[in-house]
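Trainee: query-v1.txt is reproduced below (compact mmCIF, C-alpha atoms and all ligand atoms).
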```txt
# COMPACT_ATOMS: atom_id res chain seq x y z
CA MET A 172 6.88 34.19 90.59
CA ASN A 173 5.32 33.25 87.35
CA CYS A 174 6.66 30.42 85.31
CA ALA A 175 8.62 31.58 82.32
CA LEU A 176 6.67 29.06 80.32
CA CYS A 177 3.25 30.19 81.35
CA PHE A 178 0.83 33.04 81.18
CA PRO A 179 -2.09 33.93 83.45
CA PRO A 180 -5.04 31.53 83.53
CA ALA A 181 -6.64 31.76 80.19
CA VAL A 182 -10.17 32.31 79.30
CA VAL A 183 -11.07 29.60 76.85
CA SER A 184 -10.37 31.05 73.48
CA ALA A 185 -13.84 31.34 72.17
CA VAL A 186 -14.75 27.71 72.58
CA SER A 187 -18.07 27.44 70.95
CA ALA A 188 -20.42 25.68 73.30
CA SER A 189 -21.89 22.77 71.49
CA SER A 190 -25.37 23.82 70.56
CA ASP A 191 -25.87 20.51 68.89
CA ARG A 192 -25.63 18.07 71.74
CA VAL A 193 -28.37 15.81 70.48
CA ARG A 194 -26.83 12.59 69.37
CA ALA A 195 -28.02 11.79 65.91
CA ALA A 196 -28.66 8.25 64.83
CA ARG A 197 -25.59 6.72 63.21
CA PHE A 198 -24.91 3.92 60.83
CA GLN A 199 -23.87 0.73 62.53
CA SER A 200 -22.54 -2.34 60.79
CA SER A 201 -22.69 -5.88 62.07
CA PRO A 202 -21.33 -9.06 60.45
CA ASN A 203 -24.68 -9.83 58.85
CA LYS A 204 -26.60 -6.64 58.52
CA LYS A 205 -26.31 -2.91 58.53
CA SER A 206 -28.83 -0.85 60.40
CA TYR A 207 -29.47 2.51 61.93
CA VAL A 208 -29.47 2.39 65.70
CA SER A 209 -31.14 4.75 68.11
CA SER A 210 -29.28 7.51 69.88
CA VAL A 211 -29.52 5.56 73.15
CA GLN A 212 -27.86 2.50 71.64
CA ILE A 213 -24.97 4.45 70.20
CA GLU A 214 -24.13 6.20 73.47
CA ASP A 215 -21.65 3.48 74.35
CA ARG A 216 -20.24 3.21 70.87
CA GLU A 217 -19.57 6.92 70.82
CA ALA A 218 -17.79 6.64 74.12
CA LYS A 219 -14.98 4.70 72.43
CA PRO A 220 -12.13 6.95 71.41
CA MET A 221 -10.67 3.93 69.59
CA GLU A 222 -13.26 4.56 66.92
CA ARG A 223 -11.84 7.69 65.42
CA ALA A 224 -14.53 8.42 62.87
CA GLY A 225 -13.16 9.59 59.56
CA GLY A 226 -9.59 8.45 60.19
CA PHE A 227 -6.37 10.41 60.54
CA LEU A 228 -6.69 14.19 60.05
CA ALA A 229 -10.49 14.07 59.89
CA ARG A 230 -12.54 16.60 61.80
CA ARG A 231 -15.57 15.28 63.63
CA LYS A 232 -18.24 16.34 66.09
CA TYR A 233 -17.19 15.89 69.68
CA ASN A 234 -19.22 14.13 72.32
CA PRO A 235 -17.80 14.23 75.82
CA PRO A 236 -17.79 11.28 78.19
CA SER A 237 -21.05 11.19 80.17
CA TRP A 238 -19.19 12.03 83.38
CA ALA A 239 -17.87 15.24 81.81
CA SER A 240 -21.06 16.36 80.11
CA HIS A 241 -21.81 18.97 82.79
CA LEU A 242 -18.60 20.87 82.02
CA ASN A 243 -19.07 24.10 80.14
CA PRO A 244 -18.19 24.97 77.44
CA ILE A 245 -17.93 21.67 75.62
CA PRO A 246 -15.97 21.76 72.35
CA SER A 247 -18.12 21.23 69.29
CA ASP A 248 -15.44 19.66 67.07
CA VAL A 249 -12.19 17.77 67.29
CA TYR A 250 -9.51 16.70 64.80
CA ASN A 251 -7.98 13.24 64.71
CA LEU A 252 -4.30 14.21 64.91
CA GLY A 253 -2.90 11.54 67.21
CA HIS A 254 -2.47 7.83 66.75
CA LEU A 255 -4.78 6.87 69.58
CA PRO A 256 -5.22 5.03 71.85
CA THR A 257 -1.58 5.00 72.89
CA PRO A 258 -0.36 1.75 74.46
CA ILE A 259 -0.29 1.05 78.19
CA HIS A 260 2.20 -1.56 79.38
CA LYS A 261 3.94 -2.68 82.53
CA TRP A 262 7.18 -0.79 83.13
CA ASN A 263 9.65 -3.04 84.89
CA LEU A 264 11.65 -0.41 86.71
CA PRO A 265 14.43 -1.59 89.00
CA ASN A 266 14.27 -1.31 92.82
CA LEU A 267 10.57 -0.61 93.27
CA PRO A 268 9.04 -0.87 96.76
CA GLN A 269 7.58 -4.27 97.57
CA GLY A 270 4.46 -5.03 95.58
CA THR A 271 4.50 -1.73 93.72
CA GLU A 272 3.60 -1.96 90.07
CA VAL A 273 4.48 0.79 87.63
CA TRP A 274 2.68 0.93 84.31
CA ILE A 275 3.36 3.41 81.56
CA LYS A 276 1.07 5.10 79.08
CA ARG A 277 3.00 5.80 75.91
CA ASP A 278 1.85 9.23 74.85
CA ASP A 279 5.31 9.60 73.38
CA LEU A 280 3.82 7.41 70.65
CA THR A 281 0.96 9.73 69.65
CA GLY A 282 2.67 10.16 66.29
CA MET A 283 6.02 10.78 64.71
CA GLN A 284 6.57 14.50 64.17
CA MET A 285 3.86 15.40 66.66
CA GLY A 286 4.55 12.73 69.27
CA GLY A 287 3.79 13.67 72.82
CA ASN A 288 1.05 15.16 74.94
CA LYS A 289 0.60 18.33 72.90
CA VAL A 290 -1.12 16.43 70.13
CA ARG A 291 -4.11 15.72 72.34
CA LYS A 292 -4.60 19.40 73.13
CA LEU A 293 -4.07 20.40 69.52
CA GLU A 294 -6.87 18.08 68.42
CA PHE A 295 -9.28 20.53 70.07
CA LEU A 296 -7.36 23.76 69.52
CA MET A 297 -6.87 23.22 65.80
CA ALA A 298 -10.55 22.44 65.35
CA ASP A 299 -11.34 25.75 67.04
CA ALA A 300 -8.85 27.58 64.80
CA ILE A 301 -10.48 26.18 61.67
CA ILE A 302 -14.00 26.90 62.97
CA HIS A 303 -12.91 30.51 63.46
CA GLY A 304 -11.70 30.76 59.89
CA ALA A 305 -8.01 31.06 60.73
CA ASP A 306 -5.43 30.91 57.95
CA CYS A 307 -2.48 30.77 60.33
CA VAL A 308 -1.70 30.01 63.96
CA ILE A 309 0.61 31.72 66.42
CA THR A 310 2.08 30.07 69.47
CA VAL A 311 4.83 30.69 71.98
CA GLY A 312 7.45 28.64 73.81
CA GLY A 313 11.06 28.01 74.71
CA ILE A 314 13.64 27.49 71.99
CA GLN A 315 13.22 23.69 72.27
CA SER A 316 9.47 23.75 72.84
CA ASN A 317 7.82 20.43 72.03
CA HIS A 318 4.51 22.22 71.90
CA CYS A 319 5.75 24.60 69.20
CA ARG A 320 7.06 21.71 67.11
CA ALA A 321 3.78 19.81 67.42
CA THR A 322 1.82 22.96 66.54
CA ALA A 323 4.01 23.62 63.49
CA VAL A 324 3.40 20.10 62.18
CA ALA A 325 -0.33 20.09 62.95
CA ALA A 326 -0.73 23.46 61.26
CA ARG A 327 1.02 22.27 58.12
CA TYR A 328 -1.11 19.10 58.03
CA LEU A 329 -4.20 21.30 58.11
CA ASN A 330 -2.87 23.77 55.56
CA LEU A 331 -2.39 26.62 58.02
CA ASP A 332 0.76 28.73 58.24
CA CYS A 333 2.49 28.72 61.59
CA TYR A 334 4.27 31.50 63.48
CA LEU A 335 6.37 30.54 66.48
CA ILE A 336 7.64 33.02 69.05
CA LEU A 337 10.61 31.23 70.58
CA ARG A 338 12.42 32.34 73.72
CA THR A 339 16.20 32.07 73.76
CA SER A 340 19.19 33.65 75.48
CA LYS A 341 20.00 37.30 74.83
CA ALA A 342 23.23 36.36 73.10
CA LEU A 343 21.42 34.12 70.61
CA ALA A 344 18.21 36.10 69.97
CA ASP A 345 19.48 37.74 66.78
CA LYS A 346 21.34 34.71 65.42
CA ASP A 347 20.18 31.81 63.27
CA PRO A 348 18.72 29.39 65.85
CA GLY A 349 20.14 26.32 64.12
CA LEU A 350 18.57 22.95 63.51
CA THR A 351 18.89 21.09 66.78
CA GLY A 352 16.01 18.89 67.95
CA ASN A 353 12.59 20.48 67.63
CA LEU A 354 13.95 23.37 65.55
CA LEU A 355 14.85 20.99 62.75
CA VAL A 356 11.27 19.79 62.41
CA GLU A 357 9.78 23.25 62.82
CA ARG A 358 11.98 24.70 60.12
CA LEU A 359 11.53 21.74 57.78
CA VAL A 360 7.75 22.14 57.86
CA GLY A 361 8.15 25.83 57.12
CA ALA A 362 7.18 27.44 60.42
CA ASN A 363 8.08 31.13 60.71
CA VAL A 364 10.38 31.48 63.70
CA GLU A 365 10.41 34.78 65.60
CA LEU A 366 13.07 34.90 68.31
CA VAL A 367 12.83 36.87 71.55
CA SER A 368 15.32 37.04 74.39
CA LYS A 369 14.46 35.66 77.84
CA GLU A 370 14.62 39.22 79.15
CA GLU A 371 12.15 40.49 76.54
CA TYR A 372 9.90 37.53 77.24
CA ALA A 373 9.96 38.15 80.99
CA LYS A 374 9.25 41.85 80.52
CA ILE A 375 6.53 41.65 77.87
CA GLY A 376 4.95 38.28 78.59
CA SER A 377 3.71 35.60 76.22
CA VAL A 378 0.21 37.00 75.85
CA VAL A 379 1.31 40.46 74.74
CA LEU A 380 4.02 39.02 72.49
CA ALA A 381 1.42 36.88 70.74
CA ASP A 382 -0.94 39.85 70.50
CA LEU A 383 1.77 42.00 68.92
CA LEU A 384 2.43 39.36 66.30
CA LYS A 385 -1.29 38.87 65.78
CA GLU A 386 -1.75 42.59 65.17
CA ARG A 387 1.07 42.60 62.63
CA LEU A 388 -0.44 39.64 60.77
CA VAL A 389 -3.95 41.10 60.82
CA ASN A 390 -2.53 44.29 59.31
CA GLU A 391 -1.06 42.12 56.57
CA GLY A 392 -4.52 40.72 55.87
CA ARG A 393 -4.04 37.39 57.65
CA LYS A 394 -6.45 35.62 60.02
CA PRO A 395 -4.31 34.39 62.89
CA TYR A 396 -5.46 32.17 65.75
CA VAL A 397 -3.45 32.32 68.94
CA ILE A 398 -2.68 29.12 70.82
CA PRO A 399 -1.36 29.82 74.33
CA VAL A 400 1.91 28.52 75.75
CA GLY A 401 1.80 24.73 75.95
CA GLY A 402 -1.74 24.70 74.49
CA SER A 403 -2.87 25.02 78.08
CA ASN A 404 -6.17 26.81 78.14
CA SER A 405 -9.51 25.31 79.15
CA LEU A 406 -10.16 24.12 75.60
CA GLY A 407 -6.81 22.31 75.39
CA THR A 408 -7.56 20.69 78.74
CA TRP A 409 -10.18 18.55 76.99
CA GLY A 410 -7.34 16.58 75.42
CA TYR A 411 -6.50 15.03 78.76
CA ILE A 412 -10.08 14.78 79.98
CA GLU A 413 -10.55 12.62 76.90
CA THR A 414 -7.39 10.65 77.76
CA VAL A 415 -9.01 9.55 81.00
CA ARG A 416 -11.84 8.01 79.00
CA GLU A 417 -9.18 6.21 76.95
CA ILE A 418 -7.42 4.89 80.07
CA GLU A 419 -10.73 3.75 81.60
CA GLN A 420 -11.54 1.79 78.49
CA GLN A 421 -8.09 0.28 78.09
CA ALA A 422 -8.03 -0.84 81.73
CA GLU A 423 -11.42 -2.44 81.26
CA THR A 424 -10.86 -3.97 77.84
CA HIS A 425 -7.23 -5.07 77.93
CA PHE A 426 -6.40 -5.47 81.60
CA SER A 427 -9.58 -6.99 83.08
CA GLY A 428 -10.57 -3.88 84.99
CA LEU A 429 -7.10 -3.10 86.34
CA HIS A 430 -7.37 -0.23 88.82
CA PHE A 431 -4.64 2.39 88.95
CA ASP A 432 -4.14 3.96 92.37
CA ASP A 433 -1.94 6.75 91.08
CA ILE A 434 -1.19 8.65 87.90
CA VAL A 435 2.19 10.37 87.68
CA VAL A 436 2.89 13.09 85.13
CA ALA A 437 5.23 15.99 84.41
CA CYS A 438 3.83 19.51 84.57
CA GLY A 439 5.12 22.37 82.39
CA SER A 440 2.20 24.62 81.55
CA GLY A 441 -0.54 22.92 83.54
CA GLY A 442 -3.03 21.65 80.96
CA THR A 443 -2.11 17.99 81.05
CA ILE A 444 -2.32 17.61 84.81
CA THR A 445 -5.58 19.57 84.94
CA GLY A 446 -7.27 17.37 82.36
CA LEU A 447 -6.01 14.18 83.96
CA ALA A 448 -6.87 15.25 87.50
CA LEU A 449 -10.35 16.45 86.59
CA GLY A 450 -11.06 13.39 84.46
CA SER A 451 -9.77 11.03 87.10
CA ASN A 452 -11.91 12.74 89.72
CA LEU A 453 -15.09 12.68 87.64
CA SER A 454 -14.75 9.27 86.02
CA SER A 455 -14.57 5.81 87.56
CA LEU A 456 -10.76 6.03 87.51
CA LYS A 457 -10.40 7.84 90.85
CA ALA A 458 -6.61 7.59 90.73
CA GLN A 459 -4.57 10.16 92.65
CA VAL A 460 -2.80 12.47 90.23
CA HIS A 461 0.79 13.37 91.15
CA ALA A 462 2.28 16.16 89.08
CA PHE A 463 5.98 16.96 89.00
CA SER A 464 6.48 20.56 87.99
CA VAL A 465 9.59 21.24 85.93
CA CYS A 466 9.54 25.01 85.66
CA ASP A 467 7.83 26.61 88.59
CA ASP A 468 6.63 26.03 92.09
CA PRO A 469 3.50 24.08 92.99
CA VAL A 470 1.67 27.20 94.30
CA TYR A 471 1.79 28.71 90.83
CA PHE A 472 0.42 25.56 89.23
CA TYR A 473 -2.39 25.05 91.74
CA ASP A 474 -3.52 28.58 90.83
CA TYR A 475 -3.07 28.12 87.12
CA SER A 476 -4.90 24.82 87.17
CA GLN A 477 -7.72 26.45 89.14
CA GLY A 478 -8.11 28.99 86.34
CA LEU A 479 -8.47 26.17 83.81
CA LEU A 480 -10.98 24.35 86.02
CA ASP A 481 -13.02 27.53 86.51
CA GLY A 482 -12.95 28.07 82.76
CA LEU A 483 -14.79 24.74 82.47
CA GLN A 484 -17.15 25.50 85.36
CA ALA A 485 -15.87 22.33 86.97
CA GLY A 486 -16.69 23.43 90.51
CA VAL A 487 -13.68 21.66 92.03
CA ASP A 488 -10.59 22.88 93.82
CA SER A 489 -7.25 22.07 92.20
CA HIS A 490 -5.81 21.22 95.63
CA ASP A 491 -8.43 18.48 96.07
CA ILE A 492 -7.76 16.71 92.79
CA ALA A 493 -3.98 16.96 92.22
CA ASN A 494 -0.82 16.66 94.24
CA ILE A 495 1.80 18.94 92.68
CA GLN A 496 5.47 18.65 93.63
CA ASP A 497 8.54 20.57 92.61
CA ALA A 498 10.89 18.70 90.26
CA LYS A 499 12.67 21.51 88.47
CA GLY A 500 16.11 20.74 89.89
CA LEU A 501 18.65 23.11 88.35
CA GLY A 502 15.89 24.92 86.44
CA TYR A 503 13.72 24.61 83.36
CA ALA A 504 15.45 22.57 80.64
CA MET A 505 18.62 22.31 82.71
CA SER A 506 19.79 18.82 83.66
CA THR A 507 22.10 17.54 86.33
CA ALA A 508 24.56 14.78 85.43
CA GLU A 509 22.58 12.52 87.78
CA GLU A 510 19.30 13.13 85.95
CA LEU A 511 20.91 12.34 82.61
CA ARG A 512 22.56 9.23 84.02
CA PHE A 513 19.10 8.20 85.28
CA ILE A 514 17.64 8.60 81.78
CA LYS A 515 20.45 6.47 80.36
CA ASP A 516 20.03 3.79 83.05
CA ILE A 517 16.25 3.58 82.59
CA ALA A 518 16.64 3.35 78.83
CA ALA A 519 19.25 0.59 79.21
CA ALA A 520 17.12 -1.31 81.75
CA THR A 521 13.67 -1.00 80.13
CA GLY A 522 14.00 0.28 76.55
CA VAL A 523 11.89 3.33 77.41
CA VAL A 524 13.66 6.58 76.54
CA LEU A 525 12.62 9.54 78.67
CA ASP A 526 13.19 13.17 77.75
CA PRO A 527 15.48 15.43 79.79
CA VAL A 528 13.07 18.36 80.35
CA TYR A 529 9.82 16.71 81.47
CA THR A 530 9.45 12.97 81.78
CA GLY A 531 13.04 12.39 82.87
CA LYS A 532 12.62 14.77 85.79
CA ALA A 533 9.19 13.39 86.70
CA ALA A 534 10.39 9.77 86.71
CA TYR A 535 13.62 10.67 88.51
CA ASN A 536 11.70 12.37 91.30
CA LEU A 537 9.08 9.62 91.44
CA LEU A 538 11.72 6.95 91.97
CA LYS A 539 13.53 9.13 94.49
CA ASP A 540 10.27 9.47 96.42
CA MET A 541 9.65 5.72 96.20
CA ASP A 542 13.14 5.14 97.52
CA SER A 543 12.80 7.48 100.48
CA ASN A 544 9.12 6.71 101.27
CA PRO A 545 8.61 3.07 100.28
CA ALA A 546 5.64 2.68 102.64
CA LYS A 547 3.75 5.39 100.74
CA TRP A 548 4.00 3.47 97.46
CA LYS A 549 4.00 -0.13 98.71
CA GLY A 550 1.51 -2.30 96.83
CA ARG A 551 0.24 0.54 94.68
CA LYS A 552 -0.47 0.40 90.98
CA VAL A 553 1.01 3.49 89.40
CA LEU A 554 0.43 4.73 85.87
CA PHE A 555 3.26 6.92 84.61
CA MET A 556 2.38 9.16 81.67
CA HIS A 557 5.17 9.31 79.09
CA THR A 558 4.33 12.66 77.55
CA GLY A 559 7.03 12.60 74.87
CA GLY A 560 9.65 15.27 74.24
CA LEU A 561 12.34 12.99 72.87
CA LEU A 562 13.67 15.57 70.42
CA GLY A 563 14.82 17.52 73.48
CA LEU A 564 17.49 14.86 74.00
CA TYR A 565 19.39 16.18 70.99
CA ASP A 566 20.01 19.35 72.96
CA LYS A 567 21.83 17.25 75.57
CA VAL A 568 24.01 15.04 73.43
CA GLU A 569 27.22 16.56 74.69
CA GLN A 570 26.22 15.98 78.31
CA LEU A 571 24.98 12.48 77.50
CA ALA A 572 28.08 11.42 75.59
CA SER A 573 29.98 10.41 78.70
CA THR A 574 27.19 8.01 79.77
CA VAL A 575 27.25 5.93 76.58
CA GLY A 576 30.48 4.08 75.90
CA ASN A 577 29.29 0.85 74.33
CA TRP A 578 31.05 0.77 70.99
CA ARG A 579 34.18 -0.68 69.42
CA LYS A 580 35.69 -1.29 66.03
CA MET A 581 34.40 -4.59 64.73
CA GLU A 582 37.12 -7.24 64.45
CA LEU A 583 37.35 -8.43 60.85
CA HIS A 584 40.87 -9.91 60.67
CA GLU A 585 39.92 -13.50 59.85
CA CYS A 586 37.42 -12.47 57.30
CA ILE A 587 39.88 -10.15 55.57
CA HIS A 588 42.70 -12.73 55.50
CA SER A 589 40.68 -15.71 54.27
C1 LIG A 601 7.22 16.25 76.74
C2 LIG A 601 6.35 17.07 77.62
N1 LIG A 601 5.86 16.51 78.74
C3 LIG A 601 5.10 17.20 79.59
C4 LIG A 601 4.78 18.51 79.35
C5 LIG A 601 3.94 19.23 80.34
O1 LIG A 601 2.62 19.35 79.90
P1 LIG A 601 1.81 20.66 80.21
O2 LIG A 601 2.46 21.76 79.45
O3 LIG A 601 0.45 20.38 79.78
O4 LIG A 601 1.93 20.88 81.69
C6 LIG A 601 5.26 19.15 78.17
C7 LIG A 601 4.99 20.56 77.86
O5 LIG A 601 5.08 21.48 78.61
C8 LIG A 601 6.06 18.40 77.30
O6 LIG A 601 6.54 18.94 76.17
```
What would the structure in this file look like if it were written as structure tokens?

Mentor:
Amino acid sequence: MNCALCFPPAVVSAVSASSDRVRAARFQSSPNKKSYVSSVQIEDREAKPMERAGGFLARRKYNPPSWASHLNPIPSDVYNLGHLPTPIHKWNLPNLPQGTEVWIKRDDLTGMQMGGNKVRKLEFLMADAIIHGADCVITVGGIQSNHCRATAVAARYLNLDCYLILRTSKALADKDPGLTGNLLVERLVGANVELVSKEEYAKIGSVVLADLLKERLVNEGRKPYVIPVGGSNSLGTWGYIETVREIEQQAETHFSGLHFDDIVVACGSGGTITGLALGSNLSSLKAQVHAFSVCDDPVYFYDYSQGLLDGLQAGVDSHDIANIQDAKGLGYAMSTAEELRFIKDIAAATGVVLDPVYTGKAAYNLLKDMDSNPAKWKGRKVLFMHTGGLLGLYDKVEQLASTVGNWRKMELHECIHS
């Protein structure tokens, strides 16, 4: 069965292969002098994502890491939309197996309205939209889609209109969707929300729905660019290939060459795990990538990921580079009381707030696995990817209310009487 979130493996949406792969000489400054350096000298400098040429919201030419330069097609341009690199720090989770270290990469901190993993994919997808002369973007997702919210904000930043096809229950599909969580941001930035019922979505599919809207907009004289569900096509996958370069450099620069044995991440539409797994496999990282799928079974995601890999001519098998496990529990975006209690306990113990739909389920299942198979994780250094999604918590406030009781009326008697 196909994931309600996903659509069949996408052909990269007209990613223009970089015809200009020759690295031009660039201006380099040193404390005492400024000079042009040769293309060979700047190879390393260009490999540093920390140097986001042009600053926030700038578009720049993209040069892949050397270990990914055989992939095809390679995006020609990328936007600086995220606040990168995101921090990596030790995550002092309770009750870990002996000698196990868990670290966390804070992709929830990629930026305020756009925070989360989607920003990294949108850096490439938005560049492609602009290159293709788009004046608006269309994307698709669930009613609380983080991807749709990030796309709406990115589009507004880049002066594009945004059309969101949001899936909701049949009873709510012709009612005002309200302002909870991601919807608040989407509607504040002026995105056009088009509601469809889950039944319509299942029957028609995200690709055809987007095409229908595209046709309507073209007839109105617009130039729409379609971004697939979750931004997960082969072009979007570059966002997490690039993240591996960032992790490599952070481990080297800030943690004296710390080696991660494992990377753990939530999987919803497949792009994030594919980029991480491919990057980890090709680079010096060589960490095992464990994906916890929150909306469909692993078989679906191995296939979907394979489509993305083939779209990059990667020549690898998804089964060889990722370990995908089921973590959907009650179902997509549905939380058990235990999962929500877990989110509360982790927040109270570590200060890190997980989201209920993705990272909460991934971390919950990771710790459950560590608890039942301590030997498997003993002594390992694990990097957990916090992929964001915090606005999704607003959708769960009623369920969460019973877990947070720490308040009282402040006692002011003495102060009042003196
Ligand atoms: C917060 C969050 N984490 C993880 C994911 C999963 O990423 P992907 O869709 O690339 O599988 C998503 C989106 O689906 C998300 O919004």

Trainee: Write out as a list in words each polymer residue whose atoms come within 7 Å of Asn363 in chain A, counting all atoms listed in the file; drop sequence neighbours fewer than 4 positions from it.

Mentor: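 In the requested form, the answer reads Cys333, Tyr334 and Leu335 of chain A.
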
Trainee: Check which residues fall inside 6 Å of ligand LIG 601 (chain A) when counting all atoms listed in the file, and print them as a PyMOL selection string.

Mentor: chain A and resi 287+317-318+401+403+437-443+529-530+558-560

Trainee: Could you give me the centre and size, in Å to one decimal, of an axis-aligned box around all listed atoms of range 518-527 of chain A with 5 Å added on every side, as JSON?

Mentor:
```
{"center_x": 15.6, "center_y": 7.1, "center_z": 79.1, "size_x": 17.4, "size_y": 26.7, "size_z": 15.2}
```

Trainee: Please provide the set of residues having any atom within 12 Å of Ala344 in chain A, restricted to only C-alpha atoms, with same-chain residues fewer than 5 positions apart removed, written as an MDAnalysis selection string.

Mentor: chainID A and resid 313:314 336:339 349 364:372

Trainee: Residues within 6 Å of Ala458 in chain A, please, as a list in words. Count all atoms listed in the file; anything in the same chain fewer than 2 positions from it doesn't count.

Mentor: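 Selected residues are Phe431, Asp432, Asp433, Ser451 and Leu456 of chain A.
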